[in-house]
>>> print(open('upload-v6.tsv').read())   # TSV, C-alpha atoms
chain	number	residue	atom	x	y	z
A	1	MET	CA	-4.06	-16.87	-22.43
A	2	ARG	CA	-6.50	-15.68	-19.74
A	3	ALA	CA	-7.27	-19.29	-18.77
A	4	ARG	CA	-3.55	-19.94	-18.32
A	5	PHE	CA	-3.25	-16.71	-16.34
A	6	ALA	CA	-6.08	-17.75	-14.01
A	7	ALA	CA	-4.53	-21.19	-13.54
A	8	VAL	CA	-1.16	-19.72	-12.61
A	9	VAL	CA	-2.78	-17.24	-10.23
A	10	MET	CA	-4.79	-19.95	-8.49
A	11	ALA	CA	-1.75	-22.19	-8.12
A	12	ALA	CA	0.27	-19.30	-6.75
A	13	LEU	CA	-2.44	-18.24	-4.31
A	14	LEU	CA	-2.19	-21.61	-2.59
A	15	GLY	CA	1.20	-20.49	-1.33
A	16	SER	CA	0.43	-16.81	-0.80
A	17	ALA	CA	-1.04	-14.85	2.07
A	18	ALA	CA	-2.79	-11.53	2.46
A	19	CYS	CA	-3.91	-9.23	5.26
A	20	ALA	CA	-7.65	-9.79	4.91
A	21	ASP	CA	-10.52	-7.68	6.21
A	22	PRO	CA	-11.90	-9.07	9.49
A	23	PRO	CA	-15.45	-10.52	9.47
A	24	ALA	CA	-18.10	-7.93	10.29
A	25	SER	CA	-18.92	-9.66	13.61
A	26	ASP	CA	-15.32	-9.19	14.74
A	27	ALA	CA	-14.89	-5.62	13.53
A	28	GLY	CA	-14.96	-4.16	17.03
A	29	ARG	CA	-12.53	-6.59	18.63
A	30	THR	CA	-8.95	-5.74	19.39
A	31	GLY	CA	-5.84	-7.45	20.67
A	32	ALA	CA	-4.79	-11.10	20.60
A	33	GLY	CA	-8.32	-12.31	21.32
A	34	ALA	CA	-9.63	-10.72	18.15
A	35	GLU	CA	-6.81	-12.18	16.08
A	36	ALA	CA	-7.47	-15.68	17.36
A	37	ALA	CA	-11.21	-15.32	16.80
A	38	GLN	CA	-10.95	-14.41	13.12
A	39	PRO	CA	-11.48	-17.27	10.64
A	40	ALA	CA	-9.81	-17.26	7.25
A	41	ALA	CA	-11.62	-14.93	4.86
A	42	THR	CA	-12.68	-16.21	1.47
A	43	THR	CA	-12.44	-13.64	-1.30
A	44	GLU	CA	-12.88	-13.66	-5.04
A	45	VAL	CA	-10.07	-13.41	-7.58
A	46	GLY	CA	-12.05	-12.76	-10.72
A	47	PRO	CA	-15.34	-14.42	-11.64
A	48	GLY	CA	-15.65	-17.99	-10.43
A	49	ALA	CA	-12.18	-18.12	-8.91
A	50	PRO	CA	-12.43	-18.21	-5.09
A	51	ALA	CA	-9.23	-17.89	-3.11
A	52	THR	CA	-8.86	-18.38	0.62
A	53	GLN	CA	-6.93	-15.62	2.30
A	54	ALA	CA	-5.04	-15.99	5.54
A	55	PRO	CA	-6.33	-13.96	8.50
A	56	SER	CA	-4.62	-10.70	9.43
A	57	GLU	CA	-1.63	-11.07	11.70
A	58	ASP	CA	-2.55	-7.82	13.41
A	59	ALA	CA	-6.16	-6.77	13.13
A	60	THR	CA	-5.90	-3.88	15.56
A	61	PRO	CA	-8.05	-0.96	14.40
A	62	ALA	CA	-6.20	2.30	13.82
A	63	PRO	CA	-6.68	4.77	16.70
A	64	ALA	CA	-8.69	7.92	16.26
A	65	GLY	CA	-6.48	10.75	15.01
A	66	ALA	CA	-5.54	13.07	17.82
A	67	THR	CA	-3.87	16.33	16.85
A	68	ALA	CA	-0.90	18.40	17.88
A	69	SER	CA	-0.71	22.18	18.18
A	70	ALA	CA	-0.72	24.00	14.85
A	71	GLU	CA	1.09	27.01	16.28
A	72	LEU	CA	4.58	25.49	16.28
A	73	PRO	CA	7.06	27.04	13.83
A	74	THR	CA	8.21	24.93	10.91
A	75	GLY	CA	11.05	22.61	11.86
A	76	SER	CA	10.21	22.34	15.55
A	77	LEU	CA	7.55	19.65	15.55
A	78	PRO	CA	7.84	17.65	18.78
A	79	PRO	CA	6.45	14.16	19.27
A	80	GLY	CA	2.76	14.45	18.55
A	81	ARG	CA	0.24	13.88	15.81
A	82	PRO	CA	-0.34	15.60	12.46
A	83	VAL	CA	-2.93	18.32	12.31
A	84	ALA	CA	-5.92	17.63	10.09
A	85	PRO	CA	-6.84	20.35	7.59
A	86	GLU	CA	-9.64	22.65	8.71
A	87	ALA	CA	-11.84	21.81	5.74
A	88	GLU	CA	-11.58	18.21	4.59
A	89	PRO	CA	-11.70	18.05	0.76
A	90	GLU	CA	-13.74	15.47	-1.05
A	91	PRO	CA	-11.34	12.54	-1.72
A	92	ARG	CA	-13.07	11.44	-4.91
A	93	SER	CA	-12.40	14.82	-6.51
A	94	LEU	CA	-8.84	13.67	-7.21
A	95	ASP	CA	-8.19	11.66	-10.34
A	96	LEU	CA	-6.48	8.27	-10.09
A	97	ALA	CA	-3.62	9.55	-12.24
A	98	ALA	CA	-2.77	12.14	-9.57
A	99	LEU	CA	-2.57	9.60	-6.75
A	100	GLY	CA	0.13	7.25	-5.56
A	101	VAL	CA	3.51	6.74	-7.20
A	102	ASP	CA	4.09	5.73	-10.82
A	103	ARG	CA	7.18	3.71	-11.66
A	104	GLY	CA	8.43	2.74	-15.08
A	105	SER	CA	7.67	3.92	-18.58
A	106	PRO	CA	4.19	5.17	-19.51
A	107	GLN	CA	4.80	3.40	-22.83
A	108	ALA	CA	5.20	-0.01	-21.17
A	109	PRO	CA	2.75	-2.56	-22.65
A	110	VAL	CA	1.64	-3.82	-19.21
A	111	ARG	CA	0.24	-1.84	-16.30
A	112	VAL	CA	-0.05	-2.98	-12.69
A	113	ILE	CA	-1.84	-1.14	-9.88
A	114	GLU	CA	-0.82	-2.20	-6.38
A	115	PHE	CA	-2.81	-1.52	-3.22
A	116	SER	CA	-0.78	-2.07	-0.05
A	117	ASP	CA	-1.25	-1.06	3.57
A	118	TYR	CA	1.93	0.04	5.33
A	119	GLY	CA	0.79	-1.83	8.44
A	120	CYS	CA	0.31	-5.17	6.65
A	121	GLY	CA	2.98	-7.76	7.32
A	122	TYR	CA	2.41	-9.53	4.00
A	123	CYS	CA	2.79	-6.22	2.17
A	124	ARG	CA	6.13	-5.78	3.93
A	125	LYS	CA	7.11	-9.29	2.83
A	126	PHE	CA	6.26	-8.47	-0.78
A	127	HIS	CA	8.24	-5.22	-0.75
A	128	GLN	CA	11.27	-6.75	0.88
A	129	GLU	CA	11.42	-10.07	-0.98
A	130	THR	CA	9.61	-9.78	-4.32
A	131	TRP	CA	9.39	-6.15	-5.37
A	132	PRO	CA	13.16	-5.63	-5.92
A	133	THR	CA	13.17	-8.47	-8.47
A	134	LEU	CA	10.02	-7.29	-10.25
A	135	ARG	CA	11.30	-3.74	-10.38
A	136	ARG	CA	14.59	-4.77	-11.92
A	137	GLU	CA	13.28	-7.35	-14.40
A	138	PHE	CA	10.03	-5.71	-15.50
A	139	VAL	CA	9.70	-2.07	-14.46
A	140	GLU	CA	13.23	-0.85	-15.12
A	141	ALA	CA	13.34	-3.03	-18.26
A	142	GLY	CA	10.42	-1.07	-19.72
A	143	LYS	CA	7.99	-4.00	-19.71
A	144	VAL	CA	5.65	-2.86	-16.93
A	145	GLU	CA	4.42	0.46	-15.60
A	146	TRP	CA	3.70	0.04	-11.89
A	147	LYS	CA	1.43	2.29	-9.82
A	148	PHE	CA	1.69	2.03	-6.03
A	149	LEU	CA	-1.36	3.22	-4.11
A	150	PRO	CA	-1.22	3.21	-0.29
A	151	TYR	CA	-4.44	1.89	1.26
A	152	VAL	CA	-5.23	2.69	4.89
A	153	SER	CA	-7.58	-0.21	5.50
A	154	GLY	CA	-8.19	0.63	9.17
A	155	MET	CA	-6.92	-2.77	10.29
A	156	PHE	CA	-3.47	-1.77	11.52
A	157	LYS	CA	-2.26	0.43	14.31
A	158	ASN	CA	-0.47	3.60	13.17
A	159	SER	CA	-0.87	2.83	9.46
A	160	SER	CA	-2.49	6.19	8.77
A	161	ALA	CA	0.44	8.03	10.34
A	162	ALA	CA	2.96	6.01	8.31
A	163	THR	CA	1.07	6.65	5.07
A	164	THR	CA	0.92	10.37	5.79
A	165	ALA	CA	4.66	10.38	6.53
A	166	ALA	CA	5.38	8.65	3.21
A	167	GLU	CA	3.24	11.16	1.32
A	168	CYS	CA	5.02	14.06	3.02
A	169	ALA	CA	8.32	12.60	1.82
A	170	LEU	CA	6.84	12.24	-1.67
A	171	GLU	CA	6.08	15.97	-1.61
A	172	GLN	CA	9.86	16.47	-1.79
A	173	GLY	CA	10.37	14.19	-4.80
A	174	ASP	CA	10.31	10.59	-5.98
A	175	ARG	CA	13.87	9.83	-4.86
A	176	LEU	CA	13.17	10.83	-1.27
A	177	PHE	CA	9.88	8.94	-1.33
A	178	GLU	CA	11.64	5.76	-2.40
A	179	ALA	CA	14.11	6.09	0.48
A	180	MET	CA	11.33	6.78	2.99
A	181	ASN	CA	9.14	4.02	1.56
A	182	SER	CA	11.91	1.44	2.04
A	183	LEU	CA	12.59	2.59	5.59
A	184	ILE	CA	8.91	2.44	6.55
A	185	TRP	CA	8.71	-1.18	5.38
A	186	ASP	CA	12.03	-2.14	6.96
A	187	LYS	CA	11.19	-0.51	10.31
A	188	GLN	CA	7.52	-1.51	10.35
A	189	ARG	CA	7.72	-3.15	13.76
A	190	ASP	CA	9.25	-0.02	15.30
A	191	TRP	CA	6.57	2.50	14.32
A	192	LYS	CA	3.67	0.04	14.25
A	193	GLY	CA	4.17	-1.00	17.86
A	194	ALA	CA	4.88	2.48	19.21
A	195	PRO	CA	2.35	4.22	21.49
A	196	ASP	CA	3.07	7.31	19.39
A	197	PRO	CA	4.60	6.59	15.94
A	198	LEU	CA	5.34	10.21	15.02
A	199	PRO	CA	8.83	10.51	16.58
A	200	THR	CA	9.94	7.25	14.91
A	201	LEU	CA	8.55	8.30	11.53
A	202	ARG	CA	10.14	11.73	11.82
A	203	GLY	CA	13.47	10.03	12.48
A	204	LEU	CA	13.00	7.90	9.37
A	205	ALA	CA	12.25	11.04	7.34
A	206	GLY	CA	15.57	12.48	8.46
A	207	GLU	CA	17.37	9.22	7.70
A	208	ALA	CA	15.81	9.21	4.22
A	209	GLY	CA	17.34	12.62	3.55
A	210	THR	CA	14.24	14.78	3.52
A	211	ASP	CA	14.21	18.42	4.52
A	212	VAL	CA	12.82	17.75	8.00
A	213	GLY	CA	11.50	21.31	8.36
A	214	ARG	CA	9.44	20.91	5.21
A	215	TYR	CA	8.38	17.41	6.34
A	216	ASP	CA	7.23	18.87	9.67
A	217	SER	CA	5.15	21.56	8.01
A	218	CYS	CA	3.51	18.95	5.77
A	219	MET	CA	2.58	16.87	8.79
A	220	GLN	CA	1.40	19.90	10.81
A	221	GLU	CA	-0.72	21.38	8.05
A	222	GLY	CA	-2.23	18.12	6.83
A	223	ARG	CA	-1.10	18.71	3.26
A	224	ALA	CA	-1.03	14.98	2.51
A	225	ALA	CA	-4.44	14.21	4.00
A	226	ARG	CA	-6.36	14.59	0.74
A	227	ARG	CA	-4.12	12.19	-1.17
A	228	VAL	CA	-4.16	9.59	1.63
A	229	GLU	CA	-7.94	9.65	1.89
A	230	ALA	CA	-8.45	9.65	-1.88
A	231	ALA	CA	-6.16	6.64	-2.43
A	232	SER	CA	-8.05	4.69	0.23
A	233	ALA	CA	-11.37	5.73	-1.32
A	234	VAL	CA	-10.18	4.39	-4.69
A	235	ALA	CA	-9.26	1.07	-3.06
A	236	GLU	CA	-12.69	0.78	-1.48
A	237	GLU	CA	-14.44	1.64	-4.75
A	238	ALA	CA	-12.33	-0.99	-6.52
A	239	GLY	CA	-13.51	-3.61	-4.01
A	240	VAL	CA	-10.14	-4.26	-2.39
A	241	ARG	CA	-10.74	-6.60	0.54
A	242	ALA	CA	-7.23	-7.69	1.39
A	243	THR	CA	-3.71	-6.38	1.08
A	244	PRO	CA	-1.65	-6.55	-0.94
A	245	THR	CA	-3.95	-6.59	-3.96
A	246	PHE	CA	-2.59	-6.22	-7.50
A	247	PHE	CA	-4.62	-5.27	-10.56
A	248	VAL	CA	-2.82	-6.36	-13.71
A	249	VAL	CA	-4.87	-4.18	-16.05
A	250	GLY	CA	-7.04	-6.34	-18.27
A	251	TYR	CA	-6.95	-9.36	-15.97
A	252	PRO	CA	-8.57	-10.46	-12.71
A	253	PRO	CA	-7.08	-9.02	-9.50
A	254	ILE	CA	-4.41	-10.91	-7.59
A	255	GLN	CA	-4.55	-10.96	-3.80
A	256	GLY	CA	-1.68	-11.85	-1.52
A	257	ALA	CA	2.10	-11.86	-1.40
A	258	LEU	CA	2.74	-14.37	-4.15
A	259	PRO	CA	6.11	-16.11	-4.35
A	260	THR	CA	8.55	-14.19	-6.52
A	261	GLU	CA	8.74	-16.89	-9.18
A	262	ALA	CA	4.94	-17.04	-9.49
A	263	PHE	CA	4.71	-13.29	-9.95
A	264	ARG	CA	7.55	-13.40	-12.48
A	265	GLN	CA	5.70	-16.06	-14.46
A	266	ILE	CA	2.43	-14.08	-14.45
A	267	LEU	CA	4.03	-10.85	-15.64
A	268	SER	CA	6.01	-12.70	-18.31
A	269	MET	CA	2.82	-14.28	-19.66
A	270	VAL	CA	0.95	-10.96	-19.69
A	271	HIS	CA	3.86	-9.15	-21.32
A	272	ALA	CA	4.17	-11.82	-23.99
A	273	GLU	CA	0.50	-11.48	-24.87
A	274	ALA	CA	0.69	-7.68	-24.90
A	275	THR	CA	3.73	-7.79	-27.17
A	276	ARG	CA	2.03	-10.15	-29.60
A	277	ALA	CA	-0.94	-7.77	-29.66
A	278	GLY	CA	1.33	-4.93	-30.68
A	279	GLY	CA	2.23	-3.46	-27.31
A	280	GLY	CA	-0.82	-1.20	-27.18
A	281	ARG	CA	-3.07	-0.69	-24.17
>>> encode(input="upload-v6.tsv", output="structure tokens")
Amino acid sequence: MRARFAAVVMAALLGSAACADPPASDAGRTGAGAEAAQPAATTEVGPGAPATQAPSEDATPAPAGATASAELPTGSLPPGRPVAPEAEPEPRSLDLAALGVDRGSPQAPVRVIEFSDYGCGYCRKFHQETWPTLRREFVEAGKVEWKFLPYVSGMFKNSSAATTAAECALEQGDRLFEAMNSLIWDKQRDWKGAPDPLPTLRGLAGEAGTDVGRYDSCMQEGRAARRVEAASAVAEEAGVRATPTFFVVGYPPIQGALPTEAFRQILSMVHAEATRAGGGR
């Protein structure tokens, strides 16, 4: 079964693409020149299974986080940047189970952990084209439990702000997070290319239906900072080198926005094996 899984993954990867980490020699470059200078990055998908990843379509490092005044009353946050907490907690003190967003039944026989960067174009492609099908056919059908973990890789402009905005929506509940999550992917070009993404993201929070006053206070006070940093720390500890990366628990990781049919085939194979084994984890 695992040999068939690896074969399907390798075949699918030939038609997939991921936002890969830039080579170390190019880490300080920015703009179009840096993008053109980056060769394709070769990464590993499980032992002995190399896969060539496409270069990032936007390898602009995220800007240093400036801050806005913390003295504004809740609900009156003007365009600006979120305030970092005074004492930064240790990210690794949070357990994986407390991070990200879990979708589907905890009793599902298959688990998938997704690492995506909100600034990654291939992650947007996955969420717009493939995720709706996988959610309907596998997650909502009780076959797969899916954990989404946002990874701020540092490769994309304004990604940290977008991730923080999504987490502040999540603070108000899963339903509002899902609405905000979809809008962030759909409007990626708007906030990603903005000199200051905060006004655009705040508008999306209002469009998603959040309590904007509560959203503002979350952004001002840095209440989401610990979760954002901890999720990224988990990705780094797991060896994530490109986004999106998917860990189908018990199998080698999958990198890249695979075609929908390829992902459907992989999950079907894994579910079939898990069901034959009795559905346990």
>>> atom_distance(input="upload-v6.tsv", atom1="atom CA of A:Ser153", atom2="atom CA of A:Glu114")
13.8 Å
>>> atom_distance(input="upload-v6.tsv", atom1="atom CA of A:Asp216", atom2="atom CA of A:Ser232")
22.9 Å
>>> atom_distance(input="upload-v6.tsv", atom1="atom CA of A:Ile184", atom2="atom CA of A:Pro259")
21.7 Å
>>> closest_residue(input="upload-v6.tsv", among="A:Ser105, A:Ser116, A:Asn158, A:Gln255", to="A:Pro195", atoms="all atoms listed in the file")
A:Asn158
>>> axis_aligned_box(input="upload-v6.tsv", around="stretch 115-121 of chain A", padding_each_side="6 Å", output="JSON")
{"center_x": 0.1, "center_y": -3.9, "center_z": 2.6, "size_x": 17.8, "size_y": 19.8, "size_z": 23.7}
>>> residues_around(input="upload-v6.tsv", residues="A:Leu149", least_positions_apart="5", cutoff="8 Å", atoms="only C-alpha atoms", output="PyMOL selection string")
chain A and resi 99-101+113-116+231
>>> residues_near_point(input="upload-v6.tsv", point="(4.6, 11.1, 10.1)", cutoff="8 Å", atoms="only C-alpha atoms", output="ChimeraX atom specification")
/A:81-82,161-166,168,197-199,201-202,219
>>> residues_near_point(input="upload-v6.tsv", point="(12.2, 12.2, -1.6)", cutoff="10 Å", atoms="all atoms listed in the file", output="number ranges by chain")
A: 166-181, 205, 208-211
>>> write_last_selection(input="upload-v6.tsv", atoms="C-alpha atoms", output="PDB file, keeping the file's coordinate frame")
ATOM      1  CA  ALA A 166       5.380   8.650   3.210  1.00  0.00           C
ATOM      2  CA  GLU A 167       3.240  11.160   1.320  1.00  0.00           C
ATOM      3  CA  CYS A 168       5.020  14.060   3.020  1.00  0.00           C
ATOM      4  CA  ALA A 169       8.320  12.600   1.820  1.00  0.00           C
ATOM      5  CA  LEU A 170       6.840  12.240  -1.670  1.00  0.00           C
ATOM      6  CA  GLU A 171       6.080  15.970  -1.610  1.00  0.00           C
ATOM      7  CA  GLN A 172       9.860  16.470  -1.790  1.00  0.00           C
ATOM      8  CA  GLY A 173      10.370  14.190  -4.800  1.00  0.00           C
ATOM      9  CA  ASP A 174      10.310  10.590  -5.980  1.00  0.00           C
ATOM     10  CA  ARG A 175      13.870   9.830  -4.860  1.00  0.00           C
ATOM     11  CA  LEU A 176      13.170  10.830  -1.270  1.00  0.00           C
ATOM     12  CA  PHE A 177       9.880   8.940  -1.330  1.00  0.00           C
ATOM     13  CA  GLU A 178      11.640   5.760  -2.400  1.00  0.00           C
ATOM     14  CA  ALA A 179      14.110   6.090   0.480  1.00  0.00           C
ATOM     15  CA  MET A 180      11.330   6.780   2.990  1.00  0.00           C
ATOM     16  CA  ASN A 181       9.140   4.020   1.560  1.00  0.00           C
ATOM     17  CA  ALA A 205      12.250  11.040   7.340  1.00  0.00           C
ATOM     18  CA  ALA A 208      15.810   9.210   4.220  1.00  0.00           C
ATOM     19  CA  GLY A 209      17.340  12.620   3.550  1.00  0.00           C
ATOM     20  CA  THR A 210      14.240  14.780   3.520  1.00  0.00           C
ATOM     21  CA  ASP A 211      14.210  18.420   4.520  1.00  0.00           C
TER      22      ASP A 211
END
